[in-house]
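As provided, structure-v3.cif (mmCIF, C-alpha atoms) reads as follows.
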data_my_file
#
loop_
_atom_site.label_atom_id
_atom_site.label_comp_id
_atom_site.auth_asym_id
_atom_site.auth_seq_id
_atom_site.Cartn_x
_atom_site.Cartn_y
_atom_site.Cartn_z
CA MET G 1 18.56 63.74 84.28
CA ASN G 2 19.85 63.30 87.81
CA GLU G 3 19.63 66.14 90.31
CA LYS G 4 23.37 66.88 90.45
CA LYS G 5 23.60 67.21 86.67
CA PHE G 6 20.55 69.47 86.64
CA LEU G 7 22.01 71.73 89.35
CA THR G 8 25.33 71.90 87.50
CA GLU G 9 23.66 72.92 84.25
CA GLN G 10 21.58 75.57 86.01
CA PHE G 11 24.66 77.04 87.67
CA GLU G 12 26.83 76.91 84.55
CA ALA G 13 24.17 78.85 82.66
CA ASN G 14 24.79 81.72 85.09
CA ARG G 15 28.54 81.34 85.64
CA THR G 16 29.67 84.04 83.18
CA HIS G 17 27.32 86.60 84.71
CA LEU G 18 28.39 85.68 88.25
CA ARG G 19 32.06 85.89 87.30
CA ARG G 20 31.58 89.40 85.90
CA VAL G 21 29.73 90.54 89.01
CA ALA G 22 32.39 89.07 91.29
CA TYR G 23 35.26 90.51 89.28
CA ARG G 24 33.85 94.02 89.32
CA MET G 25 33.28 93.67 93.04
CA LEU G 26 36.76 92.38 93.82
CA GLY G 27 39.07 93.57 91.04
CA SER G 28 40.86 90.22 91.01
CA MET G 29 40.07 87.29 88.75
CA THR G 30 41.56 84.89 91.26
CA GLU G 31 39.30 86.13 94.03
CA ALA G 32 36.35 86.33 91.62
CA ASP G 33 36.76 82.66 90.76
CA ASP G 34 36.97 81.84 94.47
CA ALA G 35 33.74 83.76 95.08
CA VAL G 36 31.94 81.96 92.26
CA GLN G 37 33.15 78.62 93.59
CA GLU G 38 31.82 79.48 97.05
CA ALA G 39 28.50 80.48 95.46
CA TRP G 40 28.37 77.07 93.78
CA LEU G 41 28.97 75.31 97.09
CA ARG G 42 26.16 77.26 98.73
CA PHE G 43 23.87 76.65 95.76
CA SER G 44 24.54 72.91 95.78
CA ARG G 45 23.58 72.72 99.47
CA ALA G 46 20.52 74.99 99.30
CA HIS G 47 16.90 74.17 98.57
CA THR G 48 16.01 76.27 95.53
CA ASP G 49 12.83 74.55 94.32
CA ASP G 50 10.76 77.60 95.23
CA VAL G 51 13.18 80.16 93.78
CA GLY G 52 11.45 81.96 90.92
CA ASN G 53 14.44 83.98 89.71
CA LEU G 54 17.50 81.76 89.95
CA ALA G 55 19.84 84.28 88.30
CA GLY G 56 18.82 86.91 90.84
CA TRP G 57 19.18 84.46 93.72
CA LEU G 58 22.68 83.46 92.60
CA THR G 59 23.66 87.11 92.12
CA THR G 60 22.61 87.78 95.71
CA VAL G 61 24.65 84.82 96.95
CA VAL G 62 27.83 85.77 95.09
CA SER G 63 27.36 89.41 96.16
CA ARG G 64 27.24 88.40 99.82
CA VAL G 65 30.36 86.28 99.36
CA CYS G 66 32.13 89.23 97.72
CA LEU G 67 31.03 91.61 100.47
CA ASP G 68 32.53 89.29 103.09
CA MET G 69 35.76 89.10 101.08
CA LEU G 70 35.94 92.88 100.71
CA ARG G 71 35.40 93.37 104.43
CA SER G 72 38.03 90.77 105.24
CA ARG G 73 40.44 92.43 102.83
CA THR G 74 39.83 95.81 104.43
CA SER G 75 40.39 94.47 107.93
CA ARG G 76 43.65 92.84 106.87
CA ARG G 77 44.65 95.89 104.81
CA GLU G 78 45.47 93.60 101.91
CA ASP G 79 46.76 95.03 98.67
CA GLN G 80 44.51 94.61 95.64
CA LEU G 81 45.32 91.68 93.40
CA THR G 82 46.01 92.21 89.75
CA PRO G 83 43.15 94.04 88.09
CA GLN G 84 42.00 92.96 84.65
CA THR G 85 39.32 94.22 82.38
CA PRO G 86 36.01 92.56 83.35
CA GLU G 87 35.20 91.59 79.78
CA PRO G 88 36.85 92.29 76.43
CA VAL G 89 35.50 95.20 74.41
CA ALA G 90 35.61 94.75 70.65
CA GLY G 91 36.05 98.34 69.58
CA ARG G 92 36.50 97.57 65.90
CA GLU G 93 33.98 100.03 64.48
CA SER G 94 36.37 102.98 64.46
CA GLY G 95 38.29 101.71 61.47
CA GLY G 96 41.64 102.20 63.25
CA ASP G 97 43.92 99.67 64.82
CA PRO G 98 41.45 97.23 66.47
CA GLU G 99 44.05 96.14 69.01
CA HIS G 100 44.61 99.72 70.15
CA ASP G 101 40.86 100.29 70.33
CA ILE G 102 40.44 97.25 72.56
CA VAL G 103 43.15 98.35 74.99
CA MET G 104 41.97 101.95 75.15
CA ALA G 105 38.33 100.97 75.67
CA ASP G 106 39.11 98.35 78.28
CA SER G 107 41.64 100.51 80.11
CA VAL G 108 38.76 102.66 81.30
CA GLY G 109 37.32 99.61 83.03
CA ALA G 110 40.71 98.75 84.51
CA ALA G 111 41.11 102.31 85.79
CA LEU G 112 37.62 102.22 87.26
CA LEU G 113 38.64 99.22 89.34
CA VAL G 114 41.39 101.33 90.88
CA VAL G 115 38.79 103.96 91.82
CA LEU G 116 36.45 101.31 93.25
CA GLU G 117 39.24 100.13 95.54
CA ARG G 118 38.92 103.44 97.38
CA LEU G 119 35.29 102.82 98.27
CA ALA G 120 34.00 101.19 101.43
CA PRO G 121 32.80 97.59 100.81
CA ALA G 122 29.08 98.43 101.08
CA GLU G 123 29.47 101.48 98.82
CA ARG G 124 31.27 99.42 96.22
CA LEU G 125 28.67 96.69 96.28
CA ALA G 126 25.74 99.10 95.99
CA PHE G 127 27.37 100.98 93.11
CA VAL G 128 28.41 97.88 91.17
CA LEU G 129 25.09 96.08 91.53
CA HIS G 130 22.91 99.08 90.73
CA ASP G 131 24.94 101.15 88.26
CA MET G 132 26.66 98.31 86.42
CA PHE G 133 24.07 95.54 86.58
CA GLY G 134 20.78 97.40 87.06
CA ILE G 135 19.78 95.63 90.28
CA SER G 136 17.14 97.47 92.31
CA PHE G 137 17.85 98.98 95.71
CA ASP G 138 15.08 96.81 97.16
CA GLU G 139 17.21 93.78 96.23
CA ILE G 140 20.50 95.37 97.27
CA ALA G 141 19.24 96.52 100.70
CA PRO G 142 19.20 93.10 102.46
CA ILE G 143 22.66 92.25 101.10
CA VAL G 144 24.23 95.29 102.78
CA ASP G 145 21.84 95.09 105.77
CA ARG G 146 20.32 98.51 105.15
CA THR G 147 17.03 100.02 104.02
CA PRO G 148 16.50 100.59 100.28
CA GLU G 149 16.91 104.33 100.82
CA ALA G 150 20.17 103.83 102.69
CA ALA G 151 21.39 101.54 99.90
CA ARG G 152 20.48 104.27 97.40
CA GLN G 153 22.56 106.74 99.41
CA LEU G 154 25.51 104.34 99.41
CA ALA G 155 25.40 104.08 95.62
CA SER G 156 24.94 107.84 95.25
CA ARG G 157 27.96 108.55 97.45
CA ALA G 158 30.04 106.04 95.52
CA ARG G 159 28.89 107.53 92.20
CA ARG G 160 30.00 111.01 93.23
CA ARG G 161 33.42 109.70 94.18
CA VAL G 162 33.76 107.77 90.92
CA GLN G 163 32.62 110.67 88.74
CA GLY G 164 34.98 113.02 90.53
CA THR G 165 38.00 110.98 89.45
CA ASP G 166 39.66 110.94 86.07
CA THR G 167 39.33 107.25 85.19
CA ILE G 168 40.98 107.47 81.76
CA PRO G 169 44.71 106.72 82.10
CA ALA G 170 47.10 109.05 80.33
CA ARG G 171 49.52 106.20 79.66
CA SER G 172 49.37 105.15 76.03
CA LEU G 173 49.50 101.65 74.65
CA ALA G 174 52.98 102.38 73.32
CA ARG G 175 54.21 103.31 76.81
CA GLN G 176 52.68 100.18 78.29
CA ARG G 177 54.50 98.11 75.67
CA GLU G 178 57.78 99.84 76.56
CA ILE G 179 57.39 98.92 80.22
CA VAL G 180 56.50 95.30 79.45
CA ASN G 181 59.36 95.00 76.94
CA ALA G 182 61.80 96.49 79.44
CA PHE G 183 60.68 93.96 82.05
CA LEU G 184 61.14 91.10 79.57
CA ALA G 185 64.58 92.27 78.47
CA ALA G 186 65.77 92.71 82.05
CA SER G 187 64.39 89.33 83.07
CA ARG G 188 65.90 87.45 80.13
CA GLY G 189 69.23 89.24 80.48
CA GLY G 190 69.44 88.68 84.22
CA ASP G 191 69.79 92.43 84.80
CA PHE G 192 68.81 92.87 88.44
CA ASN G 193 69.07 96.68 88.45
CA ALA G 194 67.00 96.99 85.29
CA LEU G 195 64.33 94.82 86.87
CA LEU G 196 64.28 97.06 89.93
CA ALA G 197 63.82 100.06 87.63
CA VAL G 198 60.52 98.74 86.24
CA LEU G 199 59.16 97.20 89.45
CA ASP G 200 57.32 99.20 92.07
CA PRO G 201 59.08 98.99 95.47
CA ASP G 202 55.93 97.37 96.92
CA VAL G 203 55.24 95.08 93.96
CA VAL G 204 53.35 91.88 94.81
CA PHE G 205 53.62 88.59 92.92
CA ARG G 206 50.91 85.98 93.40
CA ALA G 207 50.39 82.59 91.80
CA ASP G 208 47.37 80.32 91.61
CA LYS G 209 47.54 76.72 92.84
CA ALA G 210 48.48 75.30 89.44
CA ALA G 211 51.34 77.78 89.06
CA VAL G 212 52.56 76.86 92.54
CA GLN G 213 52.59 73.21 91.50
CA LEU G 214 54.79 74.23 88.56
CA GLY G 215 57.32 75.66 91.00
CA ALA G 216 56.19 79.24 91.64
CA MET G 217 55.86 80.64 95.14
CA SER G 218 52.30 81.50 96.13
CA GLU G 219 53.23 85.07 97.10
CA ILE G 220 56.31 87.28 96.92
CA ARG G 221 56.43 90.89 98.12
CA GLY G 222 58.87 93.68 97.39
CA ALA G 223 60.90 94.70 94.34
CA GLU G 224 64.12 92.96 95.33
CA ALA G 225 62.45 89.63 96.06
CA VAL G 226 60.39 89.75 92.85
CA ALA G 227 63.44 90.83 90.81
CA ASN G 228 65.43 87.87 92.16
CA THR G 229 62.57 85.56 91.18
CA PHE G 230 62.46 86.80 87.58
CA LYS G 231 66.20 87.33 87.08
CA GLY G 232 67.30 85.14 84.15
CA ARG G 233 63.74 83.94 83.55
CA ALA G 234 60.89 84.74 81.13
CA GLN G 235 62.76 83.20 78.20
CA GLY G 236 59.58 81.90 76.61
CA ALA G 237 57.28 84.77 77.60
CA VAL G 238 55.79 87.07 74.97
CA PRO G 239 53.58 90.17 75.30
CA ALA G 240 49.86 89.66 74.82
CA LEU G 241 46.51 91.25 75.42
CA VAL G 242 44.95 89.29 78.28
CA ASP G 243 41.25 90.12 78.35
CA GLY G 244 42.21 93.41 76.72
CA VAL G 245 45.02 94.33 79.14
CA LEU G 246 48.74 93.98 78.45
CA GLY G 247 50.29 90.93 80.04
CA LEU G 248 52.57 88.02 79.19
CA VAL G 249 51.93 84.48 77.99
CA VAL G 250 54.19 81.44 78.03
CA LYS G 251 53.61 78.60 75.59
CA VAL G 252 55.32 75.22 75.65
CA GLN G 253 55.30 73.31 72.36
CA GLY G 254 52.56 75.58 71.11
CA ARG G 255 50.34 75.01 74.14
CA LEU G 256 49.43 77.75 76.57
CA HIS G 257 51.32 77.09 79.80
CA VAL G 258 51.16 80.19 82.00
CA VAL G 259 49.71 83.69 81.78
CA LEU G 260 51.16 86.60 83.74
CA ASN G 261 48.64 89.34 84.45
CA LEU G 262 50.44 92.64 85.01
CA THR G 263 49.28 95.78 86.78
CA ILE G 264 51.12 98.92 85.67
CA ALA G 265 50.83 102.20 87.55
CA GLY G 266 53.12 105.21 87.48
CA ASP G 267 55.31 103.58 84.78
CA ARG G 268 56.11 100.66 87.06
CA ILE G 269 54.73 97.17 87.50
CA THR G 270 52.87 97.04 90.80
CA ALA G 271 51.49 93.50 90.70
CA ILE G 272 52.03 90.24 88.83
CA GLU G 273 49.61 87.32 88.92
CA ALA G 274 50.64 83.95 87.50
CA VAL G 275 47.72 81.93 86.13
CA ALA G 276 48.17 78.28 85.18
CA GLU G 277 44.87 76.60 86.09
CA SER G 278 43.43 75.19 82.88
CA SER G 279 39.86 76.35 83.54
CA ARG G 280 41.03 79.93 84.00
CA LEU G 281 43.35 79.81 80.99
CA ASN G 282 40.55 78.54 78.78
CA ALA G 283 38.31 81.42 79.87
CA LEU G 284 40.83 84.12 78.89
CA ASP G 285 40.61 86.18 75.72
CA LEU G 286 44.21 86.28 74.43
CA VAL G 287 45.85 88.15 71.58
CA VAL G 288 49.61 87.52 71.26
CA LEU G 289 51.42 90.66 70.10
CA ARG G 290 54.09 90.88 67.46
CA LYS G 291 57.19 92.96 67.89
CA GLY G 292 56.66 96.59 66.99
CA LYS G 293 53.51 98.61 66.34
CA GLY G 294 51.41 96.50 68.65
CA ARG G 295 50.11 94.24 65.86
CA LYS G 296 48.62 90.89 66.69
CA GLU G 297 49.72 87.51 65.50
#

Any chance you could put this one into structure tokens?
Amino acid sequence: MNEKKFLTEQFEANRTHLRRVAYRMLGSMTEADDAVQEAWLRFSRAHTDDVGNLAGWLTTVVSRVCLDMLRSRTSRREDQLTPQTPEPVAGRESGGDPEHDIVMADSVGAALLVVLERLAPAERLAFVLHDMFGISFDEIAPIVDRTPEAARQLASRARRRVQGTDTIPARSLARQREIVNAFLAASRGGDFNALLAVLDPDVVFRADKAAVQLGAMSEIRGAEAVANTFKGRAQGAVPALVDGVLGLVVKVQGRLHVVLNLTIAGDRITAIEAVAESSRLNALDLVVLRKGKGRKE
């Protein structure tokens, strides 16, 4: 086995874990994938023969990448990209509607991401690594350039802020479906005013590189601009659970073409992320929804 193949296999064995860490740090699957890719580049250039715990070493690398991205985002005052649930939760033990269970269980994680956005970058990193992934403060300390005790205080402060916020959204699955269906109807019917009614005034649309190659703009800001983009469109889009969160999928001749991740807050769509890169599409957990009652196909 040549060295490059060996390195690739070692990294791929840890990719899922790194992706989850990065996503919970950043709240954006696009940025999470970018962070993991940067971690791969650093790994491929590093000398790791003496590394005893490769998973821990890679977690440290991706955490540092995420911390830099969070700090850069803060300095630029960027809006958060579309949040998704970090990983699907199969809440099928309750005996009720499994689809509803999945959305309700995962919506807590989606809401938590909103809370995490309010934390300072170092607080967020300390909380995520320790409370969500069980990493010790001795390991966290050098990442945030603090002592272990200071890192502990960061996580404690973040924990108090998280626990003091109601992270369970009051919006029901039925209401989410109404908003998504209203967006689809307005888009297909070319109803500009109806689109404005379901879009947040500061809504942001973003597309990955593959979606841009298909004709989408990389970024569009504001309700009017986004409404103009979707006016008369979405003819082939159908509602779906995308990693447990309501979104839209577009299939062409039975093949998945584009996924639209939606962020809904205050009964309006605040962000839309178009995903078309095949590697990202293949990694998604999708459940296409039938019309009415939220049943899956």

For the structure provided, state which residues fall under the PyMOL selection byres ((chain G and resi 225) around 12), and present them as a list in words.
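In the shown coordinates, the PyMOL selection byres ((chain G and resi 225) around 12) covers Phe192, Leu195, Leu196, Leu199, Asp200, Pro201, Asp202, Val203, Val204, Phe205, Met217, Glu219, Ile220, Arg221, Gly222, Ala223, Glu224, Val226, Ala227, Asn228, Thr229, Phe230 and Lys231 of chain G.
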
From G:Arg255, G:Lys4, G:His130, G:Arg20, residue lying nearest G:Ser44 [all atoms listed in the file]:
G:Lys4

Tell me which of G:Leu113, G:Ile269, G:Ala197, G:Leu129 sits closest to G:Leu18, counting only C-alpha atoms.
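Nearest to G:Leu18: G:Leu129.
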
Which residues are near G:Thr59? Cut-off 8 Å, only C-alpha atoms, ignore same chain within fewer than 3 positions. Put them as a list of chain:residue names.
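Contacts, in chain order: G:Leu18, G:Val21, G:Ala55, G:Gly56, G:Val62, G:Ser63.
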
Residues near stretch 179-187 of chain G, cut-off 9 Å, all atoms listed in the file, skip fewer than 6 positions along chain, as a PyMOL selection string:
chain G and resi 193-195+197-199+227+230-235+237-239+246-248+262+264+267-269

Can you measure atom CA of G:Thr263 to atom CA of G:Ala174 for me? One decimal in Å is fine.
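Between these atoms lies a distance of 15.4 Å.
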
If the PyMOL selection byres ((chain G and resi 126) around 10) is run on the structure shown, which residues does it catch, given as an NGL selection string?
:G and (25 or 63 or 121-125 or 127-132 or 135-137 or 140-141 or 143-144 or 150-159)

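Minimum distance to G:Leu119 across G:Leu256, G:Leu70, G:Ala274, G:Ala265 (counting all atoms listed in the file) occurs at G:Leu70.
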
Atom CA of G:Cys66 to atom CA of G:Ala32: how many Å, to one decimal?
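Separating atom CA of G:Cys66 from atom CA of G:Ala32 is a distance of 8.0 Å.
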
Could you state the separation of atom CA of G:Arg24 and atom CA of G:Val115 in Å, given to one decimal place?
11.4 Å

Hits from the PyMOL selection byres ((chain G and resi 273) around 6), listed as JSON, numbers by chain:
{"G": [205, 206, 207, 260, 261, 272, 274]}

Have a look at G:Thr270, G:Leu289, G:Glu117, G:Leu241 and name the one nearest to G:Arg71; count all atoms listed in the file.
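Comparing G:Thr270, G:Leu289, G:Glu117, G:Leu241 against G:Arg71, the winner is G:Glu117.
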
Rank nothing, just name the residue among G:Glu277, G:Val287, G:Gln176, G:Asp34 nearest to G:Lys209, using all atoms listed in the file.
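Once distances to G:Lys209 are computed over all atoms listed in the file, the minimum belongs to G:Glu277.
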
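Residues in contact range of G:Val252, defined as at most 10 Å between all atoms listed in the file, with sequence neighbours fewer than 5 positions away removed, read G:Gly236, G:Ala237, G:His257, G:Val258.
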